[in-house]
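**Student:** What follows is query-v3.tsv, made up of TSV, N, CA and C atoms:
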chain	number	residue	atom	x	y	z
O	5	MET	N	-38.96	-52.70	-72.10
O	5	MET	CA	-38.92	-54.12	-71.92
O	5	MET	C	-40.05	-54.55	-70.97
O	6	ILE	N	-40.23	-53.83	-69.88
O	6	ILE	CA	-41.25	-54.20	-68.90
O	6	ILE	C	-42.63	-54.07	-69.52
O	7	VAL	N	-42.87	-52.96	-70.22
O	7	VAL	CA	-44.18	-52.73	-70.84
O	7	VAL	C	-44.44	-53.76	-71.93
O	8	MET	N	-43.43	-54.10	-72.70
O	8	MET	CA	-43.62	-55.11	-73.75
O	8	MET	C	-43.95	-56.47	-73.15
O	9	ALA	N	-43.28	-56.84	-72.07
O	9	ALA	CA	-43.56	-58.13	-71.43
O	9	ALA	C	-44.97	-58.15	-70.84
O	10	SER	N	-45.41	-57.03	-70.27
O	10	SER	CA	-46.74	-57.03	-69.67
O	10	SER	C	-47.84	-56.93	-70.71
O	11	SER	N	-47.48	-56.68	-71.97
O	11	SER	CA	-48.48	-56.62	-73.04
O	11	SER	C	-48.78	-57.98	-73.64
O	12	ARG	N	-47.98	-58.98	-73.31
O	12	ARG	CA	-48.20	-60.31	-73.86
O	12	ARG	C	-49.33	-61.01	-73.12
O	13	SER	N	-50.15	-61.72	-73.87
O	13	SER	CA	-51.29	-62.40	-73.26
O	13	SER	C	-50.87	-63.59	-72.41
O	14	ASN	N	-49.98	-64.40	-72.93
O	14	ASN	CA	-49.58	-65.60	-72.22
O	14	ASN	C	-48.11	-65.51	-71.85
O	15	VAL	N	-47.85	-65.14	-70.62
O	15	VAL	CA	-46.49	-65.11	-70.12
O	15	VAL	C	-46.37	-66.26	-69.15
O	16	ALA	N	-45.71	-67.31	-69.59
O	16	ALA	CA	-45.59	-68.50	-68.75
O	16	ALA	C	-44.12	-68.86	-68.59
O	17	GLY	N	-43.78	-69.21	-67.41
O	17	GLY	CA	-42.42	-69.64	-67.13
O	17	GLY	C	-42.34	-71.15	-67.11
O	18	PRO	N	-41.19	-71.68	-66.75
O	18	PRO	CA	-41.07	-73.13	-66.65
O	18	PRO	C	-42.01	-73.68	-65.58
O	19	PRO	N	-42.63	-74.81	-65.83
O	19	PRO	CA	-43.55	-75.36	-64.85
O	19	PRO	C	-42.80	-75.85	-63.61
O	20	GLY	N	-43.47	-75.80	-62.48
O	20	GLY	CA	-42.90	-76.37	-61.27
O	20	GLY	C	-42.09	-75.40	-60.42
O	21	ILE	N	-41.93	-74.17	-60.83
O	21	ILE	CA	-41.22	-73.20	-60.01
O	21	ILE	C	-42.25	-72.27	-59.39
O	22	PRO	N	-42.50	-72.46	-58.09
O	22	PRO	CA	-43.53	-71.62	-57.46
O	22	PRO	C	-43.08	-70.17	-57.33
O	23	TYR	N	-44.01	-69.28	-57.50
O	23	TYR	CA	-43.80	-67.84	-57.34
O	23	TYR	C	-42.75	-67.27	-58.30
O	24	LEU	N	-42.55	-67.90	-59.44
O	24	LEU	CA	-41.56	-67.41	-60.40
O	24	LEU	C	-41.91	-66.01	-60.88
O	25	ASP	N	-43.20	-65.73	-61.07
O	25	ASP	CA	-43.58	-64.39	-61.52
O	25	ASP	C	-43.27	-63.34	-60.47
O	26	LYS	N	-43.42	-63.68	-59.19
O	26	LYS	CA	-43.10	-62.71	-58.13
O	26	LYS	C	-41.59	-62.47	-58.06
O	27	ILE	N	-40.81	-63.52	-58.25
O	27	ILE	CA	-39.35	-63.38	-58.28
O	27	ILE	C	-38.93	-62.51	-59.45
O	28	ALA	N	-39.59	-62.70	-60.59
O	28	ALA	CA	-39.28	-61.88	-61.77
O	28	ALA	C	-39.63	-60.42	-61.52
O	29	HIS	N	-40.79	-60.16	-60.94
O	29	HIS	CA	-41.18	-58.78	-60.61
O	29	HIS	C	-40.17	-58.15	-59.66
O	30	PHE	N	-39.82	-58.86	-58.60
O	30	PHE	CA	-38.86	-58.38	-57.60
O	30	PHE	C	-37.53	-58.03	-58.27
O	31	SER	N	-37.04	-58.92	-59.11
O	31	SER	CA	-35.73	-58.73	-59.74
O	31	SER	C	-35.73	-57.61	-60.77
O	32	VAL	N	-36.70	-57.59	-61.65
O	32	VAL	CA	-36.73	-56.60	-62.72
O	32	VAL	C	-36.93	-55.19	-62.17
O	33	PHE	N	-37.83	-55.05	-61.21
O	33	PHE	CA	-38.05	-53.72	-60.65
O	33	PHE	C	-36.92	-53.30	-59.72
O	34	GLY	N	-36.22	-54.27	-59.13
O	34	GLY	CA	-35.01	-53.94	-58.39
O	34	GLY	C	-33.93	-53.41	-59.33
O	35	LEU	N	-33.80	-54.03	-60.49
O	35	LEU	CA	-32.85	-53.54	-61.49
O	35	LEU	C	-33.23	-52.15	-61.97
O	36	LEU	N	-34.51	-51.94	-62.22
O	36	LEU	CA	-34.98	-50.62	-62.64
O	36	LEU	C	-34.66	-49.56	-61.59
O	37	ALA	N	-34.88	-49.87	-60.33
O	37	ALA	CA	-34.59	-48.92	-59.25
O	37	ALA	C	-33.09	-48.64	-59.17
O	38	THR	N	-32.27	-49.66	-59.39
O	38	THR	CA	-30.82	-49.46	-59.40
O	38	THR	C	-30.42	-48.50	-60.51
O	39	LEU	N	-31.03	-48.64	-61.65
O	39	LEU	CA	-30.74	-47.72	-62.76
O	39	LEU	C	-31.17	-46.30	-62.42
O	40	VAL	N	-32.27	-46.16	-61.72
O	40	VAL	CA	-32.74	-44.82	-61.33
O	40	VAL	C	-31.75	-44.18	-60.36
O	41	VAL	N	-31.31	-44.92	-59.34
O	41	VAL	CA	-30.40	-44.31	-58.36
O	41	VAL	C	-29.01	-44.08	-58.93
O	42	ARG	N	-28.66	-44.78	-59.99
O	42	ARG	CA	-27.36	-44.56	-60.62
O	42	ARG	C	-27.40	-43.46	-61.67
O	43	SER	N	-28.53	-42.86	-61.88
O	43	SER	CA	-28.63	-41.81	-62.89
O	43	SER	C	-27.78	-40.60	-62.50
O	44	PRO	N	-27.29	-39.85	-63.49
O	44	PRO	CA	-26.45	-38.69	-63.20
O	44	PRO	C	-27.18	-37.68	-62.32
O	45	GLY	N	-26.47	-37.14	-61.36
O	45	GLY	CA	-27.04	-36.13	-60.48
O	45	GLY	C	-27.80	-36.68	-59.30
O	46	PHE	N	-27.80	-38.01	-59.12
O	46	PHE	CA	-28.53	-38.60	-58.00
O	46	PHE	C	-27.95	-38.14	-56.67
O	47	ARG	N	-28.80	-37.87	-55.74
O	47	ARG	CA	-28.40	-37.50	-54.39
O	47	ARG	C	-28.96	-38.52	-53.41
O	48	ARG	N	-28.23	-38.78	-52.36
O	48	ARG	CA	-28.64	-39.78	-51.37
O	48	ARG	C	-30.02	-39.47	-50.79
O	49	ARG	N	-30.33	-38.20	-50.62
O	49	ARG	CA	-31.61	-37.84	-50.01
O	49	ARG	C	-32.80	-38.13	-50.94
O	50	TRP	N	-32.53	-38.45	-52.20
O	50	TRP	CA	-33.59	-38.77	-53.15
O	50	TRP	C	-33.86	-40.27	-53.24
O	51	ALA	N	-33.27	-41.06	-52.36
O	51	ALA	CA	-33.43	-42.51	-52.43
O	51	ALA	C	-34.90	-42.92	-52.31
O	52	LEU	N	-35.62	-42.30	-51.40
O	52	LEU	CA	-37.04	-42.63	-51.25
O	52	LEU	C	-37.82	-42.27	-52.51
O	53	ALA	N	-37.46	-41.16	-53.14
O	53	ALA	CA	-38.13	-40.76	-54.38
O	53	ALA	C	-37.92	-41.80	-55.48
O	54	ALA	N	-36.73	-42.39	-55.53
O	54	ALA	CA	-36.46	-43.43	-56.53
O	54	ALA	C	-37.37	-44.64	-56.29
O	55	VAL	N	-37.53	-45.04	-55.04
O	55	VAL	CA	-38.42	-46.17	-54.72
O	55	VAL	C	-39.86	-45.82	-55.09
O	56	VAL	N	-40.29	-44.62	-54.76
O	56	VAL	CA	-41.66	-44.20	-55.06
O	56	VAL	C	-41.90	-44.18	-56.57
O	57	LEU	N	-40.96	-43.64	-57.33
O	57	LEU	CA	-41.11	-43.59	-58.79
O	57	LEU	C	-41.24	-44.99	-59.39
O	58	VAL	N	-40.38	-45.90	-58.96
O	58	VAL	CA	-40.43	-47.26	-59.49
O	58	VAL	C	-41.71	-47.97	-59.03
O	59	SER	N	-42.13	-47.73	-57.81
O	59	SER	CA	-43.37	-48.31	-57.31
O	59	SER	C	-44.57	-47.80	-58.11
O	60	LEU	N	-44.59	-46.50	-58.39
O	60	LEU	CA	-45.67	-45.94	-59.22
O	60	LEU	C	-45.66	-46.54	-60.62
O	61	PHE	N	-44.47	-46.76	-61.16
O	61	PHE	CA	-44.39	-47.42	-62.46
O	61	PHE	C	-44.96	-48.83	-62.37
O	62	GLY	N	-44.73	-49.51	-61.23
O	62	GLY	CA	-45.30	-50.84	-61.03
O	62	GLY	C	-46.83	-50.81	-61.03
O	63	ILE	N	-47.39	-49.76	-60.42
O	63	ILE	CA	-48.85	-49.61	-60.42
O	63	ILE	C	-49.36	-49.42	-61.85
O	64	THR	N	-48.69	-48.57	-62.61
O	64	THR	CA	-49.13	-48.34	-63.99
O	64	THR	C	-48.95	-49.60	-64.84
O	65	ASP	N	-47.94	-50.39	-64.54
O	65	ASP	CA	-47.74	-51.65	-65.25
O	65	ASP	C	-48.89	-52.61	-64.96
O	66	GLU	N	-49.28	-52.69	-63.71
O	66	GLU	CA	-50.42	-53.55	-63.36
O	66	GLU	C	-51.71	-53.04	-64.01
O	67	PHE	N	-51.90	-51.74	-64.02
O	67	PHE	CA	-53.08	-51.16	-64.68
O	67	PHE	C	-53.07	-51.50	-66.17
O	68	HIS	N	-51.90	-51.39	-66.78
O	68	HIS	CA	-51.75	-51.71	-68.21
O	68	HIS	C	-52.12	-53.17	-68.47
O	69	GLN	N	-51.75	-54.06	-67.56
O	69	GLN	CA	-52.07	-55.48	-67.72
O	69	GLN	C	-53.57	-55.74	-67.68
O	70	SER	N	-54.32	-54.86	-67.03
O	70	SER	CA	-55.77	-55.07	-66.94
O	70	SER	C	-56.44	-54.98	-68.31
O	71	PHE	N	-55.77	-54.36	-69.28
O	71	PHE	CA	-56.32	-54.25	-70.63
O	71	PHE	C	-55.82	-55.35	-71.56
O	72	THR	N	-54.97	-56.23	-71.07
O	72	THR	CA	-54.40	-57.29	-71.88
O	72	THR	C	-55.17	-58.58	-71.63
O	73	PRO	N	-55.73	-59.18	-72.68
O	73	PRO	CA	-56.47	-60.43	-72.50
O	73	PRO	C	-55.58	-61.51	-71.89
O	74	GLY	N	-56.13	-62.22	-70.91
O	74	GLY	CA	-55.39	-63.29	-70.26
O	74	GLY	C	-54.51	-62.83	-69.11
O	75	ARG	N	-54.46	-61.54	-68.85
O	75	ARG	CA	-53.63	-61.01	-67.76
O	75	ARG	C	-54.55	-60.41	-66.71
O	76	SER	N	-54.04	-60.28	-65.50
O	76	SER	CA	-54.85	-59.72	-64.43
O	76	SER	C	-53.99	-58.80	-63.56
O	77	VAL	N	-54.66	-57.98	-62.79
O	77	VAL	CA	-54.00	-57.08	-61.86
O	77	VAL	C	-53.85	-57.83	-60.54
O	78	GLU	N	-52.63	-57.86	-60.00
O	78	GLU	CA	-52.39	-58.53	-58.74
O	78	GLU	C	-51.66	-57.61	-57.78
O	79	PHE	N	-52.23	-57.45	-56.61
O	79	PHE	CA	-51.60	-56.65	-55.57
O	79	PHE	C	-50.22	-57.21	-55.22
O	80	GLU	N	-50.10	-58.54	-55.22
O	80	GLU	CA	-48.83	-59.18	-54.88
O	80	GLU	C	-47.73	-58.85	-55.87
O	81	ASP	N	-48.08	-58.68	-57.14
O	81	ASP	CA	-47.08	-58.28	-58.14
O	81	ASP	C	-46.55	-56.88	-57.84
O	82	TRP	N	-47.47	-55.96	-57.54
O	82	TRP	CA	-47.05	-54.60	-57.20
O	82	TRP	C	-46.21	-54.60	-55.92
O	83	LEU	N	-46.58	-55.43	-54.95
O	83	LEU	CA	-45.81	-55.53	-53.72
O	83	LEU	C	-44.40	-56.05	-54.00
O	84	ALA	N	-44.28	-57.04	-54.87
O	84	ALA	CA	-42.96	-57.56	-55.26
O	84	ALA	C	-42.16	-56.47	-55.98
O	85	ASP	N	-42.82	-55.68	-56.82
O	85	ASP	CA	-42.15	-54.56	-57.51
O	85	ASP	C	-41.56	-53.59	-56.49
O	86	THR	N	-42.38	-53.20	-55.54
O	86	THR	CA	-41.97	-52.20	-54.54
O	86	THR	C	-40.90	-52.75	-53.61
O	87	LEU	N	-41.02	-53.99	-53.19
O	87	LEU	CA	-40.00	-54.58	-52.32
O	87	LEU	C	-38.67	-54.74	-53.05
O	88	GLY	N	-38.71	-55.13	-54.31
O	88	GLY	CA	-37.48	-55.24	-55.10
O	88	GLY	C	-36.80	-53.89	-55.26
O	89	ALA	N	-37.59	-52.87	-55.53
O	89	ALA	CA	-37.04	-51.51	-55.66
O	89	ALA	C	-36.47	-51.03	-54.34
O	90	SER	N	-37.17	-51.30	-53.25
O	90	SER	CA	-36.71	-50.86	-51.93
O	90	SER	C	-35.38	-51.52	-51.55
O	91	LEU	N	-35.28	-52.82	-51.76
O	91	LEU	CA	-34.05	-53.51	-51.42
O	91	LEU	C	-32.89	-53.04	-52.29
O	92	ALA	N	-33.14	-52.88	-53.58
O	92	ALA	CA	-32.07	-52.45	-54.49
O	92	ALA	C	-31.55	-51.06	-54.11
O	93	VAL	N	-32.43	-50.15	-53.82
O	93	VAL	CA	-32.02	-48.79	-53.44
O	93	VAL	C	-31.30	-48.81	-52.09
O	94	ALA	N	-31.82	-49.57	-51.14
O	94	ALA	CA	-31.17	-49.65	-49.82
O	94	ALA	C	-29.76	-50.23	-49.95
O	95	LEU	N	-29.59	-51.26	-50.75
O	95	LEU	CA	-28.26	-51.83	-50.96
O	95	LEU	C	-27.32	-50.83	-51.61
O	96	TYR	N	-27.81	-50.15	-52.63
O	96	TYR	CA	-26.95	-49.21	-53.35
O	96	TYR	C	-26.53	-48.04	-52.47
O	97	VAL	N	-27.44	-47.50	-51.71
O	97	VAL	CA	-27.16	-46.32	-50.90
O	97	VAL	C	-26.33	-46.66	-49.66
O	98	ASN	N	-26.57	-47.81	-49.05
O	98	ASN	CA	-25.96	-48.11	-47.76
O	98	ASN	C	-24.79	-49.09	-47.78
O	99	TRP	N	-24.62	-49.84	-48.85
O	99	TRP	CA	-23.58	-50.86	-48.87
O	99	TRP	C	-22.48	-50.43	-49.84
O	100	THR	N	-21.40	-49.92	-49.30
O	100	THR	CA	-20.32	-49.35	-50.10
O	100	THR	C	-19.70	-50.38	-51.04
O	101	VAL	N	-19.50	-51.59	-50.60
O	101	VAL	CA	-18.89	-52.63	-51.44
O	101	VAL	C	-19.75	-52.88	-52.69
O	102	TYR	N	-21.04	-52.97	-52.49
O	102	TYR	CA	-21.97	-53.19	-53.61
O	102	TYR	C	-21.94	-52.01	-54.58
O	103	ARG	N	-21.99	-50.80	-54.02
O	103	ARG	CA	-21.98	-49.60	-54.86
O	103	ARG	C	-20.68	-49.51	-55.65
O	104	ARG	N	-19.54	-49.76	-55.00
O	104	ARG	CA	-18.25	-49.70	-55.69
O	104	ARG	C	-18.18	-50.74	-56.80
O	105	ARG	N	-18.76	-51.91	-56.58
O	105	ARG	CA	-18.75	-52.95	-57.61
O	105	ARG	C	-19.56	-52.50	-58.83
O	106	LEU	N	-20.69	-51.84	-58.59
O	106	LEU	CA	-21.49	-51.37	-59.72
O	106	LEU	C	-20.83	-50.20	-60.45
O	107	GLU	N	-20.06	-49.40	-59.75
O	107	GLU	CA	-19.44	-48.22	-60.34
O	107	GLU	C	-18.09	-48.53	-60.98
O	108	TRP	N	-17.59	-49.74	-60.83
O	108	TRP	CA	-16.29	-50.11	-61.37
O	108	TRP	C	-16.38	-50.22	-62.89
O	109	ARG	N	-15.44	-49.61	-63.56
O	109	ARG	CA	-15.42	-49.67	-65.02
O	109	ARG	C	-14.61	-50.87	-65.49
O	110	LEU	N	-15.02	-51.44	-66.59
O	110	LEU	CA	-14.29	-52.56	-67.15
O	110	LEU	C	-12.94	-52.07	-67.66
O	111	PRO	N	-11.87	-52.82	-67.42
O	111	PRO	CA	-10.55	-52.34	-67.83
O	111	PRO	C	-10.38	-52.25	-69.34
O	112	PHE	N	-11.14	-53.01	-70.10
O	112	PHE	CA	-10.99	-53.00	-71.55
O	112	PHE	C	-12.19	-52.39	-72.25
O	113	SER	N	-12.83	-51.47	-71.57
O	113	SER	CA	-13.97	-50.79	-72.16
O	113	SER	C	-13.49	-49.91	-73.31
O	114	PRO	N	-14.25	-49.81	-74.37
O	114	PRO	CA	-13.84	-48.93	-75.48
O	114	PRO	C	-13.82	-47.45	-75.08
O	115	PHE	N	-14.43	-47.14	-73.93
O	115	PHE	CA	-14.48	-45.75	-73.49
O	115	PHE	C	-13.31	-45.37	-72.59
O	116	THR	N	-12.55	-46.37	-72.14
O	116	THR	CA	-11.39	-46.09	-71.30
O	116	THR	C	-10.16	-46.74	-71.92
O	117	ARG	N	-9.05	-46.07	-71.83
O	117	ARG	CA	-7.81	-46.59	-72.39
O	117	ARG	C	-6.88	-47.13	-71.32
O	118	ARG	N	-7.20	-46.89	-70.06
O	118	ARG	CA	-6.33	-47.35	-68.99
O	118	ARG	C	-7.16	-48.07	-67.93
O	119	ALA	N	-6.47	-48.70	-67.02
O	119	ALA	CA	-7.15	-49.43	-65.95
O	119	ALA	C	-7.95	-48.45	-65.10
O	120	PRO	N	-9.10	-48.88	-64.59
O	120	PRO	CA	-9.93	-47.98	-63.79
O	120	PRO	C	-9.29	-47.67	-62.44
O	121	GLU	N	-9.60	-46.50	-61.95
O	121	GLU	CA	-9.16	-46.11	-60.62
O	121	GLU	C	-10.39	-46.11	-59.71
O	122	LEU	N	-10.35	-46.93	-58.70
O	122	LEU	CA	-11.48	-47.02	-57.78
O	122	LEU	C	-11.36	-45.96	-56.71
O	123	PRO	N	-12.47	-45.32	-56.36
O	123	PRO	CA	-12.42	-44.32	-55.28
O	123	PRO	C	-12.24	-45.01	-53.94
O	124	PRO	N	-11.81	-44.28	-52.93
O	124	PRO	CA	-11.72	-44.88	-51.59
O	124	PRO	C	-13.09	-45.35	-51.11
O	125	ALA	N	-13.09	-46.32	-50.21
O	125	ALA	CA	-14.34	-46.93	-49.75
O	125	ALA	C	-15.28	-45.95	-49.08
O	126	ASN	N	-14.77	-44.87	-48.50
O	126	ASN	CA	-15.65	-43.94	-47.80
O	126	ASN	C	-16.08	-42.76	-48.65
O	127	THR	N	-15.96	-42.87	-49.97
O	127	THR	CA	-16.38	-41.81	-50.88
O	127	THR	C	-17.90	-41.75	-50.95
O	128	PRO	N	-18.50	-40.56	-50.76
O	128	PRO	CA	-19.97	-40.46	-50.85
O	128	PRO	C	-20.44	-40.65	-52.28
O	129	ILE	N	-21.73	-40.90	-52.44
O	129	ILE	CA	-22.30	-41.10	-53.77
O	129	ILE	C	-22.11	-39.85	-54.61
O	130	ALA	N	-22.47	-38.71	-54.09
O	130	ALA	CA	-22.32	-37.46	-54.82
O	130	ALA	C	-21.61	-36.46	-53.93
O	131	SER	N	-20.78	-35.65	-54.53
O	131	SER	CA	-20.01	-34.72	-53.73
O	131	SER	C	-20.78	-33.45	-53.36
O	132	HIS	N	-21.90	-33.20	-54.05
O	132	HIS	CA	-22.71	-32.01	-53.78
O	132	HIS	C	-24.03	-32.44	-53.18
O	133	SER	N	-24.45	-31.79	-52.14
O	133	SER	CA	-25.75	-32.13	-51.53
O	133	SER	C	-26.72	-31.01	-51.69
For the structure just supplied, provide its representation as structure tokens.
**Tutor:**
Amino acid sequence: MIVMASSRSNVAGPPGIPYLDKIAHFSVFGLLATLVVRSPGFRRRWALAAVVLVSLFGITDEFHQSFTPGRSVEFEDWLADTLGASLAVALYVNWTVYRRRLEWRLPFSPFTRRAPELPPANTPIASHS
């Protein structure tokens, strides 16, 4: 999705919203970083690696845009990517309420037949370090 969006020549949002592209970069790369830290086998000590991986992907995305007519490479876009990833990972790793909300299963999911059981609030992300 990110690569497809950065391949478009004219990506324009609604007029009159300042810094909308930076907000979009911050949000999308924050979501991407959340998906990385939620991947199976994630360990808390790898949180920095998740931010670095997403930040490097942001650099490659900006490089990719340099080949697209009408697009340009912006340091501020990469900075928004990295800040979004950093905040998302910090929230996931350090804020138990947020993490529990993301890990909660829907009660009527086709993959579960019964109501979800939430772990205690002090449960670590992974039981093996």
**Student:** Once 5 Å is added on each side, what centre and edge lengths in Å to one decimal does the axis-aligned box around all listed atoms of stretch 43-46 of chain O have, as AutoDock Vina command-line options?
**Tutor:**
--center_x -27.5 --center_y -39.5 --center_z -60.1 --size_x 12.2 --size_y 16.7 --size_z 16.8
**Student:** Give me, as JSON lines, the closest atom pair and its distance (Å, one decimal) for every residue of stretch 30-50 of chain O within a cut-off of 6.5 Å of stretch 86-109 of chain O, counting only N, CA and C atoms, rows sorted by chain and rising number.
**Tutor:**
{"residue": "O:Phe30", "atom": "C", "partner": "O:Gly88", "partner_atom": "CA", "distance": 4.2}
{"residue": "O:Ser31", "atom": "N", "partner": "O:Gly88", "partner_atom": "CA", "distance": 5.5}
{"residue": "O:Phe33", "atom": "C", "partner": "O:Ala89", "partner_atom": "N", "distance": 4.3}
{"residue": "O:Gly34", "atom": "CA", "partner": "O:Gly88", "partner_atom": "C", "distance": 3.6}
{"residue": "O:Leu35", "atom": "N", "partner": "O:Gly88", "partner_atom": "C", "distance": 6.0}
{"residue": "O:Ala37", "atom": "CA", "partner": "O:Ala89", "partner_atom": "CA", "distance": 5.1}
{"residue": "O:Thr38", "atom": "N", "partner": "O:Ala92", "partner_atom": "C", "distance": 5.5}
**Student:** Have a look at atom CA of O:Val40 and atom CA of O:Thr72 and let me know their distance in Å, one decimal.
**Tutor:**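 Pair atom CA of O:Val40 / atom CA of O:Thr72 returns 27.1 Å.
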**Student:** Within 9 Å of (-52.4, -50.5, -57.8) in the file's own coordinates, which protein, DNA or RNA residues have an atom, counting only C-alpha atoms? List them as a list in words.
**Tutor:**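 Answer for this query, in the requested form: Leu60, Gly62, Ile63, Thr64, Asp65, Glu66, Phe67, Val77, Glu78, Phe79 and Trp82 of chain O.
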**Student:** If you run DSSP over the backbone, which residues in stretch 41-109 of chain O end up helix (DSSP H, G or I)? Put them as a ChimeraX atom specification.
**Tutor:** /O:41,48-69,79-98,100-107
**Student:** Mind giving me the straight-line distance from atom CA of O:Ile27 to atom CA of O:Ser59 in Å, one decimal?
**Tutor:**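 Value for the atom CA of O:Ile27-atom CA of O:Ser59 distance: 15.6 Å.
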